[in-house]
$ cat target27.json   # JSON, C-alpha atoms
[["chain", "number", "residue", "atom", "x", "y", "z"],
["Y", 1, "MET", "CA", 0.00, 0.00, 0.00],
["Y", 2, "SER", "CA", 1.19, 3.53, -0.70],
["Y", 3, "GLN", "CA", 2.79, 5.56, 2.07],
["Y", 4, "LEU", "CA", 0.77, 8.63, 3.04],
["Y", 5, "TYR", "CA", 2.43, 11.98, 3.62],
["Y", 6, "LEU", "CA", 0.84, 15.07, 5.13],
["Y", 7, "ASP", "CA", 0.39, 16.32, 1.54],
["Y", 8, "ASP", "CA", -1.95, 13.36, 0.89],
["Y", 9, "LEU", "CA", -4.24, 13.73, 3.94],
["Y", 10, "SER", "CA", -7.57, 15.57, 4.27],
["Y", 11, "VAL", "CA", -10.19, 15.89, 7.00],
["Y", 12, "GLY", "CA", -12.82, 13.22, 6.37],
["Y", 13, "ASP", "CA", -10.48, 10.66, 4.83],
["Y", 14, "THR", "CA", -11.49, 7.16, 5.94],
["Y", 15, "PHE", "CA", -9.61, 3.87, 6.17],
["Y", 16, "GLU", "CA", -10.96, 0.34, 6.63],
["Y", 17, "SER", "CA", -8.92, -2.69, 7.64],
["Y", 18, "SER", "CA", -9.30, -6.39, 6.98],
["Y", 19, "GLU", "CA", -10.63, -8.68, 9.75],
["Y", 20, "TYR", "CA", -8.74, -10.44, 12.58],
["Y", 21, "GLU", "CA", -10.43, -13.32, 14.37],
["Y", 22, "MET", "CA", -10.27, -13.42, 18.17],
["Y", 23, "THR", "CA", -10.12, -17.16, 18.80],
["Y", 24, "GLU", "CA", -10.22, -18.70, 22.27],
["Y", 25, "ASP", "CA", -6.55, -19.72, 21.88],
["Y", 26, "ARG", "CA", -5.45, -16.21, 20.97],
["Y", 27, "ILE", "CA", -7.46, -14.67, 23.81],
["Y", 28, "THR", "CA", -6.09, -17.00, 26.49],
["Y", 29, "ALA", "CA", -2.48, -16.85, 25.18],
["Y", 30, "PHE", "CA", -2.41, -13.04, 25.28],
["Y", 31, "ALA", "CA", -3.98, -13.01, 28.73],
["Y", 32, "ARG", "CA", -1.54, -15.50, 30.20],
["Y", 33, "ASP", "CA", 1.27, -13.10, 29.27],
["Y", 34, "TYR", "CA", -0.32, -9.73, 30.03],
["Y", 35, "ASP", "CA", -3.64, -9.95, 31.89],
["Y", 36, "PRO", "CA", -3.73, -13.24, 33.82],
["Y", 37, "GLN", "CA", -7.24, -13.12, 35.31],
["Y", 38, "VAL", "CA", -9.57, -16.12, 35.07],
["Y", 39, "PHE", "CA", -12.20, -14.37, 32.93],
["Y", 40, "HIS", "CA", -9.45, -13.94, 30.28],
["Y", 41, "THR", "CA", -7.62, -17.27, 30.68],
["Y", 42, "ASP", "CA", -10.11, -20.01, 31.68],
["Y", 43, "PRO", "CA", -13.39, -20.47, 29.73],
["Y", 44, "GLU", "CA", -14.92, -22.63, 32.49],
["Y", 45, "ALA", "CA", -14.00, -20.50, 35.51],
["Y", 46, "ALA", "CA", -15.02, -17.38, 33.54],
["Y", 47, "GLN", "CA", -18.68, -18.47, 33.76],
["Y", 48, "GLU", "CA", -18.84, -17.48, 37.43],
["Y", 49, "THR", "CA", -17.30, -14.02, 36.98],
["Y", 50, "PHE", "CA", -18.58, -10.54, 36.15],
["Y", 51, "PHE", "CA", -18.14, -11.33, 32.44],
["Y", 52, "GLY", "CA", -20.20, -14.54, 32.57],
["Y", 53, "GLY", "CA", -17.83, -16.25, 30.12],
["Y", 54, "LEU", "CA", -14.47, -15.85, 28.45],
["Y", 55, "ALA", "CA", -13.69, -12.27, 27.40],
["Y", 56, "ALA", "CA", -10.56, -10.87, 25.76],
["Y", 57, "SER", "CA", -8.41, -8.50, 27.75],
["Y", 58, "GLY", "CA", -9.14, -4.94, 26.64],
["Y", 59, "TRP", "CA", -5.40, -4.65, 25.99],
["Y", 60, "HIS", "CA", -5.65, -7.53, 23.54],
["Y", 61, "THR", "CA", -8.41, -5.71, 21.66],
["Y", 62, "ALA", "CA", -6.16, -2.62, 21.71],
["Y", 63, "ALA", "CA", -3.09, -4.50, 20.46],
["Y", 64, "VAL", "CA", -5.05, -6.12, 17.63],
["Y", 65, "THR", "CA", -6.47, -2.71, 16.76],
["Y", 66, "MET", "CA", -2.90, -1.42, 16.38],
["Y", 67, "ARG", "CA", -2.10, -4.35, 14.10],
["Y", 68, "LEU", "CA", -5.11, -3.48, 11.94],
["Y", 69, "MET", "CA", -4.08, 0.18, 11.98],
["Y", 70, "VAL", "CA", -0.55, -0.53, 10.73],
["Y", 71, "GLU", "CA", -2.12, -2.45, 7.86],
["Y", 72, "SER", "CA", -4.84, 0.06, 6.96],
["Y", 73, "VAL", "CA", -3.47, 3.52, 7.89],
["Y", 74, "PRO", "CA", -0.03, 3.52, 6.26],
["Y", 75, "PHE", "CA", 1.40, 6.88, 7.22],
["Y", 76, "ALA", "CA", 4.85, 7.61, 5.81],
["Y", 77, "ASN", "CA", 7.58, 7.43, 8.50],
["Y", 78, "GLY", "CA", 5.25, 5.27, 10.62],
["Y", 79, "THR", "CA", 1.89, 5.33, 12.33],
["Y", 80, "ILE", "CA", 3.00, 7.06, 15.54],
["Y", 81, "GLY", "CA", 0.89, 8.39, 18.41],
["Y", 82, "ALA", "CA", 1.45, 9.42, 22.02],
["Y", 83, "GLY", "CA", -1.79, 8.12, 23.51],
["Y", 84, "GLY", "CA", -5.42, 9.23, 23.55],
["Y", 85, "ASP", "CA", -8.78, 8.51, 25.05],
["Y", 86, "LEU", "CA", -9.45, 4.76, 25.05],
["Y", 87, "ARG", "CA", -12.83, 3.13, 25.69],
["Y", 88, "TRP", "CA", -14.13, -0.44, 25.62],
["Y", 89, "PRO", "CA", -17.95, -0.26, 25.49],
["Y", 90, "GLU", "CA", -18.28, -4.06, 25.64],
["Y", 91, "PRO", "CA", -15.88, -7.00, 25.88],
["Y", 92, "THR", "CA", -14.50, -8.83, 22.87],
["Y", 93, "ARG", "CA", -15.56, -12.50, 22.85],
["Y", 94, "PRO", "CA", -14.19, -15.67, 21.20],
["Y", 95, "GLY", "CA", -15.30, -15.75, 17.57],
["Y", 96, "ASP", "CA", -15.40, -11.98, 17.19],
["Y", 97, "ARG", "CA", -13.82, -10.91, 13.92],
["Y", 98, "LEU", "CA", -12.44, -7.45, 14.55],
["Y", 99, "ARG", "CA", -11.97, -4.77, 11.93],
["Y", 100, "LEU", "CA", -10.96, -1.14, 12.23],
["Y", 101, "LEU", "CA", -12.56, 1.97, 10.81],
["Y", 102, "THR", "CA", -10.43, 5.11, 11.05],
["Y", 103, "TRP", "CA", -11.20, 8.61, 9.91],
["Y", 104, "ILE", "CA", -9.43, 11.94, 10.03],
["Y", 105, "GLU", "CA", -11.22, 14.47, 12.25],
["Y", 106, "GLU", "CA", -8.73, 17.30, 12.32],
["Y", 107, "ILE", "CA", -5.32, 18.31, 10.97],
["Y", 108, "ILE", "CA", -3.34, 20.60, 13.26],
["Y", 109, "PRO", "CA", -0.20, 22.09, 11.65],
["Y", 110, "ASN", "CA", 2.85, 22.44, 13.87],
["Y", 111, "ARG", "CA", 3.50, 26.19, 14.18],
["Y", 112, "SER", "CA", 7.15, 25.96, 15.13],
["Y", 113, "LYS", "CA", 8.16, 23.15, 12.76],
["Y", 114, "PRO", "CA", 6.84, 23.62, 9.23],
["Y", 115, "GLY", "CA", 5.94, 20.54, 7.23],
["Y", 116, "ARG", "CA", 4.67, 18.65, 10.28],
["Y", 117, "ALA", "CA", 1.19, 18.22, 11.73],
["Y", 118, "ARG", "CA", -0.81, 16.33, 14.29],
["Y", 119, "ILE", "CA", -3.59, 14.29, 12.73],
["Y", 120, "VAL", "CA", -6.54, 13.73, 15.07],
["Y", 121, "VAL", "CA", -8.15, 10.41, 14.13],
["Y", 122, "GLN", "CA", -11.15, 8.50, 15.41],
["Y", 123, "CYS", "CA", -10.58, 4.73, 15.51],
["Y", 124, "ARG", "CA", -13.54, 2.39, 15.92],
["Y", 125, "THR", "CA", -12.96, -1.33, 16.33],
["Y", 126, "LEU", "CA", -16.04, -3.33, 15.36],
["Y", 127, "ASN", "CA", -16.91, -7.02, 15.19],
["Y", 128, "GLN", "CA", -18.62, -8.82, 12.28],
["Y", 129, "HIS", "CA", -22.03, -7.60, 13.55],
["Y", 130, "ASP", "CA", -20.80, -3.98, 13.72],
["Y", 131, "ALA", "CA", -20.88, -4.05, 17.54],
["Y", 132, "LEU", "CA", -18.47, -1.41, 18.87],
["Y", 133, "LYS", "CA", -15.68, -3.06, 20.86],
["Y", 134, "GLN", "CA", -13.23, -0.17, 21.17],
["Y", 135, "GLU", "CA", -13.04, 3.55, 20.55],
["Y", 136, "PHE", "CA", -9.69, 5.32, 20.50],
["Y", 137, "ARG", "CA", -8.91, 8.91, 19.56],
["Y", 138, "PRO", "CA", -5.18, 9.44, 19.15],
["Y", 139, "ASN", "CA", -3.14, 12.21, 17.59],
["Y", 140, "LEU", "CA", -0.86, 10.80, 14.91],
["Y", 141, "MET", "CA", 2.22, 12.46, 13.50],
["Y", 142, "ALA", "CA", 2.52, 13.32, 9.82],
["Y", 143, "TRP", "CA", 5.26, 14.88, 7.73],
["Y", 144, "LYS", "CA", 5.26, 16.48, 4.28],
["Y", 145, "ARG", "CA", 7.27, 14.79, 1.56],
["Y", 146, "GLY", "CA", 10.96, 15.55, 1.92],
["Y", 147, "VAL", "CA", 10.81, 16.58, 5.61],
["Y", 148, "ASP", "CA", 13.23, 14.65, 7.83],
["Y", 149, "PRO", "CA", 11.36, 13.05, 10.77],
["Y", 150, "GLN", "CA", 14.55, 13.22, 12.85],
["Y", 151, "ALA", "CA", 14.98, 16.98, 12.35],
["L", 152, "MET", "CA", -1.89, -11.33, 48.18],
["L", 153, "SER", "CA", -5.21, -10.51, 49.81],
["L", 154, "GLN", "CA", -8.24, -9.72, 47.68],
["L", 155, "LEU", "CA", -9.48, -6.16, 48.12],
["L", 156, "TYR", "CA", -13.20, -5.40, 48.42],
["L", 157, "LEU", "CA", -14.81, -1.98, 48.31],
["L", 158, "ASP", "CA", -14.89, -2.15, 52.13],
["L", 159, "ASP", "CA", -11.07, -2.19, 52.12],
["L", 160, "LEU", "CA", -10.44, 0.78, 49.79],
["L", 161, "SER", "CA", -9.85, 4.45, 50.65],
["L", 162, "VAL", "CA", -8.91, 7.55, 48.66],
["L", 163, "GLY", "CA", -5.12, 7.91, 48.79],
["L", 164, "ASP", "CA", -4.36, 4.18, 49.00],
["L", 165, "THR", "CA", -1.24, 3.41, 46.96],
["L", 166, "PHE", "CA", 0.07, 0.25, 45.34],
["L", 167, "GLU", "CA", 3.54, -0.51, 43.95],
["L", 168, "SER", "CA", 4.42, -3.40, 41.65],
["L", 169, "SER", "CA", 7.63, -5.35, 41.11],
["L", 170, "GLU", "CA", 9.76, -4.69, 37.98],
["L", 171, "TYR", "CA", 9.45, -6.15, 34.47],
["L", 172, "GLU", "CA", 12.42, -5.83, 32.12],
["L", 173, "MET", "CA", 11.76, -4.75, 28.55],
["L", 174, "THR", "CA", 14.43, -6.69, 26.67],
["L", 175, "GLU", "CA", 15.11, -6.31, 22.95],
["L", 176, "ASP", "CA", 13.69, -9.81, 22.39],
["L", 177, "ARG", "CA", 10.45, -9.04, 24.21],
["L", 178, "ILE", "CA", 10.05, -5.69, 22.42],
["L", 179, "THR", "CA", 10.54, -7.14, 18.93],
["L", 180, "ALA", "CA", 8.40, -10.25, 19.60],
["L", 181, "PHE", "CA", 5.41, -8.18, 20.77],
["L", 182, "ALA", "CA", 5.80, -5.81, 17.84],
["L", 183, "ARG", "CA", 5.96, -8.57, 15.23],
["L", 184, "ASP", "CA", 2.52, -9.72, 16.43],
["L", 185, "TYR", "CA", 0.79, -6.39, 17.11],
["L", 186, "ASP", "CA", 2.72, -3.35, 15.86],
["L", 187, "PRO", "CA", 4.98, -4.43, 12.99],
["L", 188, "GLN", "CA", 6.82, -1.19, 12.24],
["L", 189, "VAL", "CA", 10.60, -1.11, 11.83],
["L", 190, "PHE", "CA", 11.25, 1.14, 14.83],
["L", 191, "HIS", "CA", 9.66, -1.60, 17.00],
["L", 192, "THR", "CA", 11.01, -4.70, 15.21],
["L", 193, "ASP", "CA", 14.48, -3.95, 13.78],
["L", 194, "PRO", "CA", 17.20, -2.36, 15.97],
["L", 195, "GLU", "CA", 19.34, -1.45, 12.94],
["L", 196, "ALA", "CA", 16.65, 0.03, 10.70],
["L", 197, "ALA", "CA", 15.21, 1.86, 13.74],
["L", 198, "GLN", "CA", 18.27, 4.16, 13.78],
["L", 199, "GLU", "CA", 17.02, 6.03, 10.73],
["L", 200, "THR", "CA", 13.48, 6.61, 12.05],
["L", 201, "PHE", "CA", 11.75, 9.23, 14.19],
["L", 202, "PHE", "CA", 12.68, 7.20, 17.30],
["L", 203, "GLY", "CA", 16.41, 7.07, 16.44],
["L", 204, "GLY", "CA", 16.64, 3.50, 17.76],
["L", 205, "LEU", "CA", 14.53, 0.58, 18.88],
["L", 206, "ALA", "CA", 11.47, 1.60, 20.93],
["L", 207, "ALA", "CA", 8.73, -0.58, 22.40],
["L", 208, "SER", "CA", 5.23, -0.28, 20.98],
["L", 209, "GLY", "CA", 3.16, 1.87, 23.33],
["L", 210, "TRP", "CA", 0.71, -1.06, 23.41],
["L", 211, "HIS", "CA", 3.49, -3.27, 24.75],
["L", 212, "THR", "CA", 4.11, -0.78, 27.56],
["L", 213, "ALA", "CA", 0.35, -0.78, 28.18],
["L", 214, "ALA", "CA", 0.09, -4.59, 28.19],
["L", 215, "VAL", "CA", 3.01, -4.93, 30.61],
["L", 216, "THR", "CA", 1.42, -2.25, 32.79],
["L", 217, "MET", "CA", -1.71, -4.41, 32.99],
["L", 218, "ARG", "CA", 0.41, -7.39, 33.99],
["L", 219, "LEU", "CA", 1.96, -5.32, 36.79],
["L", 220, "MET", "CA", -1.48, -4.10, 37.81],
["L", 221, "VAL", "CA", -2.92, -7.60, 38.15],
["L", 222, "GLU", "CA", 0.00, -8.42, 40.44],
["L", 223, "SER", "CA", -0.09, -5.25, 42.54],
["L", 224, "VAL", "CA", -3.75, -4.09, 42.61],
["L", 225, "PRO", "CA", -5.62, -7.28, 43.57],
["L", 226, "PHE", "CA", -9.25, -6.22, 43.56],
["L", 227, "ALA", "CA", -11.71, -8.94, 44.53],
["L", 228, "ASN", "CA", -13.71, -10.22, 41.52],
["L", 229, "GLY", "CA", -10.94, -8.92, 39.22],
["L", 230, "THR", "CA", -9.19, -5.73, 38.21],
["L", 231, "ILE", "CA", -11.72, -4.57, 35.62],
["L", 232, "GLY", "CA", -11.93, -1.26, 33.75],
["L", 233, "ALA", "CA", -13.66, 0.08, 30.66],
["L", 234, "GLY", "CA", -10.90, 2.36, 29.37],
["L", 235, "GLY", "CA", -9.49, 5.74, 30.31],
["L", 236, "ASP", "CA", -7.11, 8.44, 29.21],
["L", 237, "LEU", "CA", -3.82, 6.91, 28.09],
["L", 238, "ARG", "CA", -0.59, 8.82, 27.51],
["L", 239, "TRP", "CA", 2.96, 7.84, 26.58],
["L", 240, "PRO", "CA", 5.23, 10.80, 27.41],
["L", 241, "GLU", "CA", 8.31, 9.03, 26.05],
["L", 242, "PRO", "CA", 9.04, 5.65, 24.45],
["L", 243, "THR", "CA", 10.08, 2.58, 26.41],
["L", 244, "ARG", "CA", 13.57, 1.39, 25.38],
["L", 245, "PRO", "CA", 15.42, -1.94, 25.61],
["L", 246, "GLY", "CA", 16.76, -2.37, 29.14],
["L", 247, "ASP", "CA", 13.99, -0.33, 30.77],
["L", 248, "ARG", "CA", 12.74, -2.06, 33.91],
["L", 249, "LEU", "CA", 9.13, -1.00, 34.25],
["L", 250, "ARG", "CA", 7.23, -0.77, 37.49],
["L", 251, "LEU", "CA", 3.76, 0.54, 38.24],
["L", 252, "LEU", "CA", 2.61, 3.01, 40.88],
["L", 253, "THR", "CA", -1.16, 3.17, 41.35],
["L", 254, "TRP", "CA", -3.18, 5.31, 43.71],
["L", 255, "ILE", "CA", -6.86, 5.81, 44.40],
["L", 256, "GLU", "CA", -8.03, 9.32, 43.48],
["L", 257, "GLU", "CA", -11.77, 8.98, 43.94],
["L", 258, "ILE", "CA", -14.44, 6.47, 45.00],
["L", 259, "ILE", "CA", -17.81, 6.98, 43.30],
["L", 260, "PRO", "CA", -20.63, 4.86, 44.77],
["L", 261, "ASN", "CA", -23.17, 3.43, 42.33],
["L", 262, "ARG", "CA", -26.49, 5.10, 43.17],
["L", 263, "SER", "CA", -28.74, 2.49, 41.63],
["L", 264, "LYS", "CA", -26.81, -0.63, 42.70],
["L", 265, "PRO", "CA", -25.79, -0.53, 46.36],
["L", 266, "GLY", "CA", -22.52, -2.19, 47.34],
["L", 267, "ARG", "CA", -20.78, -1.25, 44.10],
["L", 268, "ALA", "CA", -18.56, 1.67, 43.19],
["L", 269, "ARG", "CA", -16.28, 3.03, 40.51],
["L", 270, "ILE", "CA", -12.73, 3.53, 41.73],
["L", 271, "VAL", "CA", -10.84, 6.25, 39.85],
["L", 272, "VAL", "CA", -7.17, 5.36, 39.90],
["L", 273, "GLN", "CA", -4.06, 7.03, 38.56],
["L", 274, "CYS", "CA", -1.54, 4.56, 37.11],
["L", 275, "ARG", "CA", 2.03, 5.70, 36.44],
["L", 276, "THR", "CA", 4.46, 3.34, 34.71],
["L", 277, "LEU", "CA", 8.07, 4.28, 35.47],
["L", 278, "ASN", "CA", 11.46, 2.87, 34.53],
["L", 279, "GLN", "CA", 14.37, 2.23, 36.91],
["L", 280, "HIS", "CA", 15.35, 5.93, 36.70],
["L", 281, "ASP", "CA", 11.79, 7.04, 37.55],
["L", 282, "ALA", "CA", 11.26, 8.33, 34.01],
["L", 283, "LEU", "CA", 7.53, 8.38, 33.25],
["L", 284, "LYS", "CA", 6.73, 5.98, 30.38],
["L", 285, "GLN", "CA", 2.94, 5.79, 30.66],
["L", 286, "GLU", "CA", 0.07, 7.49, 32.46],
["L", 287, "PHE", "CA", -3.36, 5.87, 32.52],
["L", 288, "ARG", "CA", -6.42, 6.93, 34.46],
["L", 289, "PRO", "CA", -9.09, 4.21, 34.41],
["L", 290, "ASN", "CA", -12.23, 3.66, 36.46],
["L", 291, "LEU", "CA", -12.10, 0.24, 38.09],
["L", 292, "MET", "CA", -15.05, -1.70, 39.45],
["L", 293, "ALA", "CA", -15.29, -2.68, 43.10],
["L", 294, "TRP", "CA", -17.85, -4.63, 45.12],
["L", 295, "LYS", "CA", -18.49, -4.89, 48.84],
["L", 296, "ARG", "CA", -18.00, -8.27, 50.48],
["L", 297, "GLY", "CA", -20.95, -10.55, 49.80],
["L", 298, "VAL", "CA", -22.22, -8.64, 46.72],
["L", 299, "ASP", "CA", -22.62, -10.83, 43.62],
["L", 300, "PRO", "CA", -20.73, -9.28, 40.67],
["L", 301, "GLN", "CA", -23.17, -10.95, 38.26],
["L", 302, "ALA", "CA", -26.23, -9.37, 39.91]]
$ encode --input "target27.json" --output "structure tokens"
Amino acid sequence: MSQLYLDDLSVGDTFESSEYEMTEDRITAFARDYDPQVFHTDPEAAQETFFGGLAASGWHTAAVTMRLMVESVPFANGTIGAGGDLRWPEPTRPGDRLRLLTWIEEIIPNRSKPGRARIVVQCRTLNQHDALKQEFRPNLMAWKRGVDPQA
Amino acid sequence: MSQLYLDDLSVGDTFESSEYEMTEDRITAFARDYDPQVFHTDPEAAQETFFGGLAASGWHTAAVTMRLMVESVPFANGTIGAGGDLRWPEPTRPGDRLRLLTWIEEIIPNRSKPGRARIVVQCRTLNQHDALKQEFRPNLMAWKRGVDPQA
């Protein structure tokens, strides 16, 4: 896919990713490493918890969202953010096929460094039934063609 | 470690985790799965990028923070949040030993469901030199002893 420079971006541009399936094996493997709580690691024991069954760690949904973003929002010099407001309206479940919709809300030029801007994007992670599993609103960095990102 | 119920929590309570070392191998393995960009996967190629060297994916820092939280903030019925404001002031680098400081900022009782509350916590992820690598401010769920989390 082509690399997108600041020159190529406009408010309202949208990006859609392919799908990534959240299998039980993927959910429990991620959780064993990073969020070892029974509702994320043990389908049986999860029945008796708040979630009433196995649920993916929110951080797994977030990590998969980043994977889908790298694939679908190919900014030149990298898809780079410094955080944002993150929300999980409902848990991701085994069998959910996640995909990412991203659109550009705002482009904020850097006043002191010409040729750079912050790109405010809205990222919605949906499953195959369009149920909203994550919302994230980061500022990404963008550079015009020919501008050195290390300068 | 003991399980903490709403009865046990007070504004100002603090929690400190052990350390987790972010090695080059861990950084590149996480990134290959979830954030495959050269500044997270290839120490050599990373030199020429915005980061000027290998940096961990912010989502790796976030996932490790969750791991440290499960260990150090043992809420009864699970350490469960629905998102929050997430910020990475500077990238995590190979050799950083991350630890988590968490404190309770606010306790907001649920008006319609007695015995439950939202616990507003501030989570700061620091390295061994106390450099701030991540700030996260989630609302966690807490229940009084004897309250059914599925009710």
$ closest_atom_pairs --input "target27.json" --of "chain L" --to "chain Y" --cutoff "10 Å" --atoms "all atoms listed in the file" --output "Markdown table"
| residue | atom | partner | partner_atom | distance |
| --- | --- | --- | --- | --- |
| L:Phe181 | CA | Y:Ala63 | CA | 9.3 |
| L:Ala182 | CA | Y:Arg67 | CA | 8.9 |
| L:Arg183 | CA | Y:Arg67 | CA | 9.2 |
| L:Asp184 | CA | Y:Arg67 | CA | 7.5 |
| L:Tyr185 | CA | Y:Arg67 | CA | 4.6 |
| L:Asp186 | CA | Y:Arg67 | CA | 5.2 |
| L:Pro187 | CA | Y:Val70 | CA | 7.1 |
| L:Gln188 | CA | Y:Gly78 | CA | 6.8 |
| L:Val189 | CA | Y:Gly78 | CA | 8.4 |
| L:Phe190 | CA | Y:Gly78 | CA | 8.4 |
| L:Gln198 | CA | Y:Gln150 | CA | 9.8 |
| L:Glu199 | CA | Y:Gln150 | CA | 7.9 |
| L:Thr200 | CA | Y:Gln150 | CA | 6.7 |
| L:Phe201 | CA | Y:Gln150 | CA | 5.1 |
| L:Phe202 | CA | Y:Gln150 | CA | 7.7 |
| L:Gly203 | CA | Y:Gln150 | CA | 7.4 |
| L:Ser208 | CA | Y:Ala63 | CA | 9.3 |
| L:Gly209 | CA | Y:Ala82 | CA | 7.9 |
| L:Trp210 | CA | Y:Ala63 | CA | 5.9 |
| L:His211 | CA | Y:Ala63 | CA | 8.0 |
| L:Ala213 | CA | Y:Trp59 | CA | 7.3 |
| L:Ala214 | CA | Y:Tyr34 | CA | 5.5 |
| L:Val215 | CA | Y:Tyr34 | CA | 5.9 |
| L:Thr216 | CA | Y:Tyr34 | CA | 8.2 |
| L:Met217 | CA | Y:Asp35 | CA | 6.0 |
| L:Arg218 | CA | Y:Tyr34 | CA | 4.7 |
| L:Leu219 | CA | Y:Tyr34 | CA | 8.4 |
| L:Met220 | CA | Y:Asp35 | CA | 8.6 |
| L:Val221 | CA | Y:Asp35 | CA | 6.7 |
| L:Glu222 | CA | Y:Pro36 | CA | 9.0 |
| L:Asn228 | CA | Y:Thr49 | CA | 6.9 |
| L:Gly229 | CA | Y:Gln37 | CA | 6.8 |
| L:Thr230 | CA | Y:Gln37 | CA | 8.2 |
| L:Ile231 | CA | Y:Phe50 | CA | 9.1 |
| L:Gly232 | CA | Y:Trp88 | CA | 8.5 |
| L:Ala233 | CA | Y:Trp88 | CA | 5.1 |
| L:Gly234 | CA | Y:Arg87 | CA | 4.2 |
| L:Gly235 | CA | Y:Leu86 | CA | 5.4 |
| L:Asp236 | CA | Y:Asp85 | CA | 4.5 |
| L:Leu237 | CA | Y:Gly83 | CA | 5.2 |
| L:Arg238 | CA | Y:Gly83 | CA | 4.2 |
| L:Trp239 | CA | Y:Ala82 | CA | 5.1 |
| L:Pro240 | CA | Y:Ala82 | CA | 6.7 |
| L:Glu241 | CA | Y:Ala82 | CA | 8.0 |
| L:Pro242 | CA | Y:Ala82 | CA | 8.8 |
| L:Gln285 | CA | Y:Gly83 | CA | 8.9 |
| L:Glu286 | CA | Y:Gly83 | CA | 9.2 |
| L:Phe287 | CA | Y:Gly83 | CA | 9.4 |
| L:Arg288 | CA | Y:Asp85 | CA | 9.8 |
| L:Pro289 | CA | Y:Leu86 | CA | 9.4 |
| L:Asp299 | CA | Y:Phe50 | CA | 8.5 |
| L:Pro300 | CA | Y:Phe50 | CA | 5.2 |
| L:Gln301 | CA | Y:Phe50 | CA | 5.1 |
| L:Ala302 | CA | Y:Phe50 | CA | 8.6 |
$ residues_around --input "target27.json" --residues "range 95-104 of chain Y" --least-positions-apart "6" --cutoff "10 Å" --atoms "all atoms listed in the file" --output "number ranges by chain"
Y: 9-24, 56, 61, 64-69, 71-73, 119-137, 139-140
$ atom_distance --input "target27.json" --atom1 "CA of Ala142 in chain Y" --atom2 "CA of Thr243 in chain L"
21.2 Å
$ atom_distance --input "target27.json" --atom1 "CA of Ala227 in chain L" --atom2 "CA of Ile27 in chain Y"
21.9 Å
$ atom_distance --input "target27.json" --atom1 "CA of Arg244 in chain L" --atom2 "CA of His191 in chain L"
9.7 Å
$ closest_residue --input "target27.json" --among "Y:Pro109, Y:Pro94, Y:Gly146, Y:Gly115" --to "Arg26 in chain Y" --atoms "only C-alpha atoms"
Y:Pro94
